[in-house]
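Peer 1: My file is start_3.cif. It has mmCIF, C-alpha atoms:
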```cif
data_entry
loop_
_atom_site.label_atom_id
_atom_site.label_comp_id
_atom_site.auth_asym_id
_atom_site.auth_seq_id
_atom_site.Cartn_x
_atom_site.Cartn_y
_atom_site.Cartn_z
CA MET N 970 88.26 103.92 99.60
CA THR N 971 88.50 104.52 103.34
CA GLY N 972 89.52 107.76 105.00
CA GLU N 973 93.07 106.41 105.18
CA ALA N 974 93.16 105.91 101.38
CA VAL N 975 93.11 102.13 101.75
CA ALA N 976 91.10 100.13 99.21
CA LEU N 977 88.09 98.17 100.46
CA GLU N 978 88.68 94.47 99.92
CA LEU N 979 85.16 93.07 100.40
CA ARG N 980 83.93 91.53 97.15
CA PRO N 981 80.40 92.80 96.47
CA ALA N 982 77.97 90.32 94.96
CA LYS N 983 76.93 90.83 91.35
CA LEU N 984 73.35 91.81 90.56
CA PRO N 985 72.45 88.54 88.73
CA SER N 986 73.49 86.39 91.70
CA ARG N 987 71.59 88.66 94.09
CA VAL N 988 68.46 88.51 91.93
CA LEU N 989 68.67 84.71 91.82
CA ALA N 990 69.09 84.55 95.60
CA VAL N 991 66.09 86.84 96.14
CA LEU N 992 63.95 84.78 93.75
CA LEU N 993 64.80 81.58 95.63
CA ASP N 994 63.98 83.25 98.95
CA LEU N 995 60.69 84.61 97.59
CA ILE N 996 59.66 81.20 96.24
CA VAL N 997 60.25 79.62 99.64
CA ALA N 998 58.51 82.50 101.42
CA PHE N 999 55.45 82.41 99.14
CA VAL N 1000 55.13 78.64 99.46
CA GLY N 1001 55.18 79.05 103.23
CA TYR N 1002 52.73 81.94 102.99
CA LEU N 1003 50.28 79.91 100.91
CA ALA N 1004 50.50 76.96 103.28
CA VAL N 1005 49.85 79.16 106.33
CA THR N 1006 47.04 81.01 104.53
CA MET N 1007 45.25 77.80 103.56
CA ALA N 1008 45.48 76.54 107.12
CA LEU N 1009 44.06 79.82 108.43
CA VAL N 1010 41.21 79.83 105.91
CA TYR N 1011 39.93 76.56 107.29
CA SER N 1012 40.48 77.50 110.92
CA THR N 1013 38.93 81.01 110.71
CA ALA N 1014 35.97 80.28 108.42
CA SER N 1015 33.53 81.18 111.20
CA LEU N 1016 34.96 84.70 111.69
CA ASP N 1017 33.57 87.81 110.03
CA ASP N 1018 35.20 89.49 107.02
CA ALA N 1019 36.97 92.19 109.06
CA ALA N 1020 38.66 89.63 111.31
CA GLN N 1021 39.70 87.49 108.36
CA MET N 1022 41.19 90.54 106.64
CA ALA N 1023 43.16 91.48 109.77
CA ILE N 1024 44.48 87.92 110.05
CA SER N 1025 45.45 87.92 106.36
CA ILE N 1026 47.43 91.17 106.73
CA ALA N 1027 49.15 89.92 109.88
CA THR N 1028 50.05 86.65 108.15
CA PHE N 1029 51.48 88.52 105.17
CA LEU N 1030 53.68 90.70 107.37
CA LEU N 1031 54.82 87.87 109.62
CA VAL N 1032 55.66 85.37 106.87
CA LEU N 1033 56.91 87.57 104.02
CA VAL N 1034 58.56 90.30 106.12
CA GLY N 1035 59.18 88.88 109.58
CA GLY N 1036 60.35 85.50 108.23
CA PRO N 1037 63.29 86.85 106.19
CA ILE N 1038 64.29 89.15 109.06
CA ALA N 1039 64.38 86.22 111.49
CA VAL N 1040 66.29 84.01 109.03
CA GLU N 1041 68.95 86.64 108.29
CA THR N 1042 69.38 87.37 112.01
CA LEU N 1043 69.69 83.74 113.09
CA SER N 1044 71.90 82.72 110.15
CA HIS N 1045 74.12 85.82 110.38
CA GLY N 1046 73.22 87.03 106.90
CA ARG N 1047 72.77 83.77 105.00
CA SER N 1048 69.24 83.04 103.83
CA LEU N 1049 68.45 79.91 101.83
CA GLY N 1050 68.83 81.76 98.52
CA LYS N 1051 72.10 83.38 99.55
CA LEU N 1052 73.41 80.06 100.82
CA ALA N 1053 72.66 78.48 97.43
CA CYS N 1054 74.36 81.33 95.55
CA GLY N 1055 77.37 81.62 97.88
CA LEU N 1056 76.44 85.06 99.23
CA ARG N 1057 76.24 86.61 102.68
CA VAL N 1058 75.03 89.90 104.14
CA VAL N 1059 77.72 91.59 106.25
CA ARG N 1060 78.24 94.97 107.83
CA ASP N 1061 80.22 97.60 105.97
CA ASP N 1062 83.30 96.60 107.97
CA GLY N 1063 82.87 92.92 107.12
CA GLY N 1064 81.47 91.83 110.50
CA PRO N 1065 78.31 89.72 111.05
CA ILE N 1066 74.98 91.54 110.95
CA ARG N 1067 72.64 91.79 113.93
CA PHE N 1068 68.88 92.07 114.33
CA ARG N 1069 68.77 95.81 113.71
CA HIS N 1070 70.53 95.39 110.36
CA ALA N 1071 68.15 92.63 109.28
CA LEU N 1072 65.16 94.65 110.51
CA VAL N 1073 66.08 97.72 108.43
CA ARG N 1074 66.79 95.57 105.36
CA GLY N 1075 63.48 93.75 105.73
CA ALA N 1076 61.43 96.91 106.34
CA VAL N 1077 62.88 98.73 103.33
CA GLY N 1078 62.69 95.54 101.26
CA LEU N 1079 58.92 95.50 101.76
CA VAL N 1080 58.76 98.61 99.58
CA GLU N 1081 61.65 98.20 97.14
CA ILE N 1082 61.22 94.46 96.50
CA LEU N 1083 57.69 93.28 97.32
CA MET N 1084 55.63 96.37 96.50
CA THR N 1085 57.55 97.35 93.35
CA LEU N 1086 58.43 93.84 92.15
CA GLY N 1087 62.12 94.57 92.76
CA VAL N 1088 62.33 97.46 90.30
CA ILE N 1089 63.59 99.97 92.87
CA ALA N 1090 66.06 97.45 94.30
CA CYS N 1091 67.51 96.69 90.84
CA ILE N 1092 67.85 100.38 89.95
CA ALA N 1093 69.52 101.16 93.27
CA SER N 1094 71.93 98.23 92.87
CA LEU N 1095 72.87 99.32 89.36
CA VAL N 1096 73.48 102.89 90.47
CA SER N 1097 75.50 101.93 93.56
CA ALA N 1098 79.22 101.37 93.06
CA ARG N 1099 79.07 98.33 95.37
CA GLY N 1100 75.70 97.03 94.20
CA ARG N 1101 73.83 98.00 97.35
CA ARG N 1102 70.05 98.36 97.37
CA LEU N 1103 68.33 100.98 99.53
CA GLY N 1104 67.93 98.53 102.41
CA ASP N 1105 71.71 98.00 102.49
CA VAL N 1106 72.36 101.75 102.40
CA PHE N 1107 70.07 102.47 105.36
CA ALA N 1108 71.22 99.41 107.33
CA GLY N 1109 74.93 99.92 106.67
CA THR N 1110 75.31 96.47 105.13
CA LEU N 1111 76.74 94.87 102.01
CA VAL N 1112 76.04 91.59 100.21
CA VAL N 1113 79.36 89.90 99.46
CA ARG N 1114 80.55 86.77 97.71
CA GLU N 1115 81.84 84.01 99.97
CA ARG N 1116 82.96 81.55 97.30
CA VAL N 1117 86.25 83.12 96.27
CA PRO N 1118 89.74 81.56 95.92
CA ALA N 1119 91.41 81.39 99.32
CA THR N 1120 94.74 82.52 97.91
CA ARG N 1121 93.25 85.92 97.03
CA ALA N 1122 92.21 86.69 100.60
CA SER N 1123 94.20 89.26 102.54
CA PHE N 1124 96.38 88.31 105.48
CA VAL N 1125 95.79 90.13 108.75
CA PRO N 1126 98.96 89.66 110.83
CA PRO N 1127 98.38 88.43 114.39
CA PRO N 1128 99.49 90.54 117.35
CA PRO N 1129 102.75 89.67 119.08
CA PRO N 1130 102.35 86.97 121.77
CA TRP N 1131 103.33 89.31 124.61
CA LEU N 1132 100.22 91.42 123.91
CA ALA N 1133 97.78 88.49 123.95
CA GLY N 1134 94.93 89.20 126.38
CA GLN N 1135 96.22 92.64 127.37
CA PHE N 1136 93.09 94.42 126.08
CA SER N 1137 90.39 92.03 127.27
CA ARG N 1138 88.80 94.72 129.45
CA LEU N 1139 88.98 97.51 126.88
CA ASP N 1140 85.66 99.20 126.07
CA LEU N 1141 85.23 98.93 122.29
CA SER N 1142 81.58 99.97 122.08
CA ALA N 1143 82.33 103.55 120.96
CA VAL N 1144 84.62 102.58 118.07
CA PRO N 1145 82.77 103.14 114.77
CA ASP N 1146 82.75 100.54 112.01
CA GLY N 1147 84.62 102.89 109.69
CA LEU N 1148 87.59 103.04 112.05
CA TRP N 1149 87.67 99.25 112.42
CA LEU N 1150 87.68 98.94 108.64
CA ALA N 1151 90.55 101.44 108.32
CA VAL N 1152 92.58 99.55 110.95
CA ARG N 1153 92.03 96.18 109.30
CA GLN N 1154 92.85 97.51 105.85
CA TYR N 1155 96.03 99.16 107.14
CA LEU N 1156 97.19 95.90 108.74
CA THR N 1157 96.62 93.96 105.52
CA ARG N 1158 98.56 96.54 103.47
CA MET N 1159 101.25 97.60 105.92
CA ARG N 1160 104.00 95.60 104.21
CA GLN N 1161 103.26 97.34 100.90
CA LEU N 1162 103.58 100.88 102.30
CA ASP N 1163 106.63 103.09 102.55
CA PRO N 1164 107.94 102.69 106.15
CA GLN N 1165 107.62 106.38 106.95
CA VAL N 1166 104.12 106.67 105.47
CA GLY N 1167 103.05 103.43 107.14
CA GLN N 1168 104.32 104.59 110.53
CA GLY N 1169 102.42 107.85 110.20
CA MET N 1170 99.21 106.01 109.34
CA ALA N 1171 99.68 103.62 112.26
CA ASP N 1172 100.24 106.49 114.68
CA ARG N 1173 97.09 108.30 113.49
CA LEU N 1174 94.95 105.16 113.65
CA ALA N 1175 96.30 104.24 117.09
CA SER N 1176 95.57 107.76 118.34
CA ASP N 1177 92.01 107.64 116.98
CA LEU N 1178 91.44 104.18 118.44
CA ALA N 1179 92.79 105.18 121.85
CA ALA N 1180 90.55 108.27 121.87
CA ARG N 1181 87.48 106.13 121.13
CA THR N 1182 88.28 103.53 123.79
CA GLY N 1183 89.21 106.09 126.42
CA SER N 1184 92.48 104.28 127.17
CA PRO N 1185 95.89 105.50 125.92
CA VAL N 1186 98.29 103.36 123.97
CA PRO N 1187 100.54 101.55 126.50
CA GLN N 1188 104.04 102.88 126.82
CA GLY N 1189 106.59 101.05 124.68
CA VAL N 1190 103.98 99.34 122.47
CA PRO N 1191 104.46 100.06 118.73
CA ALA N 1192 101.39 101.55 117.09
CA ALA N 1193 101.03 98.69 114.58
CA ALA N 1194 101.26 96.06 117.33
CA TYR N 1195 98.66 97.96 119.37
CA LEU N 1196 96.29 98.06 116.39
CA ALA N 1197 96.73 94.34 115.73
CA ALA N 1198 96.13 93.42 119.37
CA VAL N 1199 92.99 95.55 119.74
CA LEU N 1200 91.61 94.31 116.40
CA HIS N 1201 92.28 90.73 117.49
CA GLU N 1202 90.37 91.38 120.73
CA ARG N 1203 87.44 92.76 118.77
CA GLN N 1204 87.47 89.74 116.41
CA ALA N 1205 87.47 87.37 119.38
CA ARG N 1206 84.43 89.12 120.89
CA GLU N 1207 82.60 89.11 117.56
CA ALA N 1208 83.33 85.40 117.11
CA GLN N 1209 82.08 84.56 120.59
CA ARG N 1210 78.93 86.64 120.05
CA ALA N 1211 78.19 85.23 116.61
CA PHE N 1212 79.29 81.59 116.90
CA GLY N 1213 79.37 80.85 120.62
CA SER N 1214 82.14 80.23 123.10
CA GLY N 1215 83.60 77.41 121.01
CA ALA N 1216 84.39 79.61 118.02
CA GLY N 1217 87.93 79.22 116.85
CA VAL N 1218 87.85 79.92 113.13
CA GLY N 1219 91.10 81.36 111.92
CA ALA N 1220 92.67 80.83 115.31
CA GLY N 1221 96.39 81.11 115.65
CA PRO N 1222 98.31 80.85 118.88
CA TYR N 1223 95.62 82.98 120.57
CA GLY N 1224 92.66 80.64 120.16
CA HIS N 1225 90.26 83.16 118.63
CA GLY N 1226 89.23 84.48 115.26
CA VAL N 1227 86.38 84.92 112.78
CA PRO N 1228 85.84 83.88 109.17
CA GLY N 1229 87.81 86.08 106.84
CA TYR N 1230 90.38 87.01 109.47
CA GLY N 1231 93.56 85.43 110.72
CA HIS N 1232 95.99 83.40 108.64
CA VAL N 1233 94.81 82.39 105.17
CA PRO N 1234 96.29 79.40 103.35
CA GLY N 1235 98.75 80.58 100.76
CA SER N 1236 99.42 83.91 102.48
CA PRO N 1237 102.84 84.98 103.74
CA ALA N 1238 103.84 83.08 106.87
CA GLY N 1239 105.37 84.50 109.96
CA ALA N 1240 104.64 87.58 112.03
CA PRO N 1241 105.78 91.01 110.81
CA SER N 1242 108.29 93.16 112.58
CA TRP N 1243 106.44 95.45 114.97
CA GLY N 1244 109.21 97.98 115.27
#
```
Let's see the structure in the file written out as structure tokens.
Peer 2:
Amino acid sequence: MTGEAVALELRPAKLPSRVLAVLLDLIVAFVGYLAVTMALVYSTASLDDAAQMAISIATFLLVLVGGPIAVETLSHGRSLGKLACGLRVVRDDGGPIRFRHALVRGAVGLVEILMTLGVIACIASLVSARGRRLGDVFAGTLVVRERVPATRASFVPPPPPWLAGQFSRLDLSAVPDGLWLAVRQYLTRMRQLDPQVGQGMADRLASDLAARTGSPVPQGVPAAAYLAAVLHERQAREAQRAFGSGAGVGAGPYGHGVPGYGHVPGSPAGAPSWG
């Protein structure tokens, strides 16, 4: 539950599917590690024992720790094992992970997965309400299921056309992930709320968002429309950063979007009334 009493809609991955994904990743990593080690044994046979030991440790760290970090960063949270099991690592707010998230997950995973044979990771996942291991807790990430029925996905209403592009220069760097999550969850549930309660939530979220961006809500713009327009701007920037300038997943009349956002097949059509 968020601070605005809105239920989190991300679908955490189950422990069995996560274990299977990790096993597949470890098999691939160990095969690569053995291949690199055998090649180094032949090429460094003339070196002394201390040098060979240093090379072995460096190879272990680069292949079994650095490799998964690089893969998760470049694939935006989808390693080979997670791809096979239909999983992805995302931020707590549902956005794509970056290098720092993958780095923390990989560093902590060295202890809770490799050094303890996954015992600590399994215990932490069982204790956590959302199945997060310690690496996810410290990195602020979550492993979610991607293969879910499209009709169950939530519909985030697009902003009104007259607000398109109005917030392209807004500084969004100071807005925390928790606030973005609260805004997105409000927009997906706004039609289910009592009008008076919903208006109060929209006003509070708009005030918090304006305080974080340093720019007040424009005069005459309803709070819900302001939230939708700013969230759409953030989604467009995330899509461009993650998928390049040609990203257009979930695009409506505004030409931007990211997976999991925008109009979902089977969801209610048409834009809501913005007051």
Peer 1: Applying the PyMOL selection byres ((chain N and resi 1028-1040) around 7) to the file I just gave you, which residues come out? Please list them as a list in words.
Peer 2: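 Checking the PyMOL selection byres ((chain N and resi 1028-1040) around 7) against this file, the residues are Ala998, Tyr1002, Ile1024, Ser1025, Ile1026, Ala1027, Glu1041, Thr1042, Leu1043, Ser1044, Ser1048, Ala1071, Leu1072, Gly1075 and Leu1079 of chain N.
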Peer 1: Quick one: residues within 6 Å of Thr1110 (chain N), only C-alpha atoms, excluding same-chain residues fewer than 2 positions away - as an MDAnalysis selection string?
Peer 2: chainID N and resid 1059:1061 1105 1108
Peer 1: Write out as a VMD selection string which residues come within 10 Å of Pro985 (chain N) when counting only C-alpha atoms, dropping same-chain ones fewer than 5 positions away.
Peer 2: chain N and resid 990 to 991 1091
Peer 1: Tell me, as a VMD selection string, which residues lie within 9 Å of Ala1193 (chain N), counting only C-alpha atoms; anything in the same chain fewer than 3 positions away does not count.
Peer 2: chain N and resid 1128 1155 to 1156 1159 1168 1171 to 1172 1174 to 1175 1190 1196 to 1198 1243 to 1244
Peer 1: Check the smallest atom-to-atom distance from each of N:Ala1020, N:Leu1095, N:Leu1103, N:Ala982 to Ile1082 (chain N) using all atoms listed in the file, then report the winner.
Peer 2: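 Of N:Ala1020, N:Leu1095, N:Leu1103, N:Ala982, the one nearest Ile1082 (chain N) is N:Leu1103, counting all atoms listed in the file.
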Peer 1: What's the 12 Å shell around Gly1055 (chain N), counting all atoms listed in the file, without same-chain residues fewer than 4 positions away, as a VMD selection string?
Peer 2: chain N and resid 980 to 983 986 to 987 989 to 990 1046 to 1051 1112 to 1117
Peer 1: Closest to Arg1101 (chain N) among N:Pro1129, N:Leu1003, N:Gln1165, N:Arg1074, using all atoms listed in the file?
Peer 2: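 Checking each of N:Pro1129, N:Leu1003, N:Gln1165, N:Arg1074 against Arg1101 (chain N), counting all atoms listed in the file, the winner is N:Arg1074.
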